[in-house]
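Asks: Provided herewith is a single structure, encoded as structure tokens, for subsequent inquiry.
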Amino acid sequence: MSKIIRRALKILESRMMYETDFFTNPNDTKNYLRLKLGSNEREVFAVLYLSNRNQLISYEELFLGTIDGATVHVRESVKLGLKLNAAAIICAHNHPSGVCEPSHSDEMITKHIKEACALVDIKVLDHLIVSGTDAISLAERGLI
């Protein structure tokens with residue numbers, strides 16, 4: 001990770017500590033996740049665990065895949081949410097190809113995570129697909 005990206009992340013992370021609406025703004029969330037995930041050469045599935053005021057509790061890169069996919073275990077995502085006492089989550093993963101269009105499997109894993117989280121009162125706010133230059137929000141597309 002370049003020095004410029006590390007500096008940008010520090011600025012964003014300092015804003016997150018004081019702003020309760022940082023992760024309710026899709027553009028801020030997209031920028032943060034593009035910096036965190038966009039340059040990975042392999043697919044990484046991450047979850048942002050949020051408080052009931054949408055403040056970041058923890059950013060976790062849970063699953064590491066190959067250049068074109070990662071196996072996501074819904075149980076592990078929910079289990080960590082319970083452990084962290086999260087009220088909401090935002091899922092994210094990168095597409096190393098640079099094409100951010102959601103696949104059918106992206107939509108299905110989002111559905112499964114949302115169903116599992118609903119059972120334990122954790123809201124799924126969004127699932128973002130990112131590259132180094134772009135990001136797509138499934139919530140903005142009406143898929144959540």
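Convention: chains lettered A, B, ... in structure tokens order; per-chain residue numbering from 1; ligands numbered from 1 as shown.
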What residues in range 89-135 of chain A get the DSSP label strand (DSSP E)? Please answer as a list in words.

Replies: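 Listing strand (DSSP E) positions across range 89-135 of chain A yields Ile89, Ile90, Cys91, Ala92, His93, Asn94, Lys123, Val124, Leu125, Asp126, His127, Leu128, Ile129, Val130 and Ala135 of chain A.
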
Asks: Any idea what's packed within 9 Å of Arg34 in chain A, counting only C-alpha atoms, ignoring anything in its chain fewer than 6 positions away? Could you give it as a ChimeraX atom specification?

Replies: /A:94,129-135

Asks: Grab the residues selected above and save them as a short mmCIF file (atom, residue, chain, number, x, y, z; two decimals), in the first residue's frame with C-alpha atoms.

Replies:
```cif
data_model
loop_
_atom_site.label_atom_id
_atom_site.label_comp_id
_atom_site.auth_asym_id
_atom_site.auth_seq_id
_atom_site.Cartn_x
_atom_site.Cartn_y
_atom_site.Cartn_z
CA ASN A 94 -13.20 -6.27 -4.45
CA ILE A 129 -18.21 -4.17 -4.81
CA VAL A 130 -15.04 -2.15 -5.36
CA SER A 131 -12.06 -1.80 -7.61
CA GLY A 132 -9.25 0.73 -7.52
CA THR A 133 -11.29 3.25 -9.51
CA ASP A 134 -14.96 2.38 -9.03
CA ALA A 135 -17.47 1.08 -6.50
#
```

Asks: Go through A:Ile136, A:Ile4, A:Leu56, A:Leu37 one by one, measure the shortest atom-to-atom distance of each to Val99 in chain A using only C-alpha atoms, and give the residue with the smallest value.

Replies: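 Using only C-alpha atoms, the shortest distance to Val99 in chain A belongs to A:Ile136.
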
Asks: Skip His93 in chain A itself and residues of its chain fewer than 4 positions away, then list as a list of chain:residue names all residues within 7 Å of it, counting only C-alpha atoms.

Replies: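 Listing them by chain and then by number gives A:Glu43, A:Val44, A:Phe45, A:Ala46, A:Leu128, A:Ile129, A:Val130.
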
Asks: Write the residues of the selection above to a file with N, CA and C atoms, as a compact mmCIF listing (two decimals), in the first residue's frame.

Replies:
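Wrote it out as part-v3.txt, contents follow:
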```
# COMPACT_ATOMS: atom_id res chain seq x y z
N GLU A 43 -9.31 -11.58 -4.62
CA GLU A 43 -10.59 -11.14 -4.07
C GLU A 43 -10.57 -11.27 -2.54
N VAL A 44 -11.03 -10.22 -1.88
CA VAL A 44 -11.10 -10.18 -0.43
C VAL A 44 -12.52 -9.78 -0.05
N PHE A 45 -13.12 -10.54 0.87
CA PHE A 45 -14.45 -10.22 1.38
C PHE A 45 -14.29 -9.65 2.78
N ALA A 46 -14.78 -8.43 2.96
CA ALA A 46 -14.63 -7.73 4.24
C ALA A 46 -15.99 -7.33 4.78
N LEU A 128 -20.97 -3.57 -0.94
CA LEU A 128 -20.29 -2.82 -1.99
C LEU A 128 -19.27 -3.69 -2.69
N ILE A 129 -19.21 -3.50 -3.98
CA ILE A 129 -18.21 -4.17 -4.81
C ILE A 129 -17.28 -3.06 -5.31
N VAL A 130 -15.98 -3.23 -5.07
CA VAL A 130 -15.04 -2.15 -5.36
C VAL A 130 -13.89 -2.61 -6.24
```

Asks: Just how far from CA of Leu119 in chain A is CA of Ile89 in chain A, in Å to one decimal?

Replies: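 Rounded to one decimal, the two atoms are 13.8 Å apart.
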
Asks: Grab the CA of Val74 in chain A to CA of Asn27 in chain A distance for me, in Å with one decimal place.

Replies: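 Separation between CA of Val74 in chain A and CA of Asn27 in chain A: 25.9 Å.
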
Asks: For Glu140 in chain A, please output as a list in words all residues within 9 Å (counting only C-alpha atoms; exclusion window: fewer than 4 positions along the same chain).

Replies: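 Once the adjacent positions are removed, what remains is Pro26, Asp126, Ile136 and Ile144 of chain A.
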
Asks: Name the closest residue to Ser103 in chain A among the candidates A:Arg42, A:Leu50, A:His73, A:Leu138; distances are taken between atoms, counting only C-alpha atoms.

Replies: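 Once distances to Ser103 in chain A are computed over only C-alpha atoms, the minimum belongs to A:Leu138.
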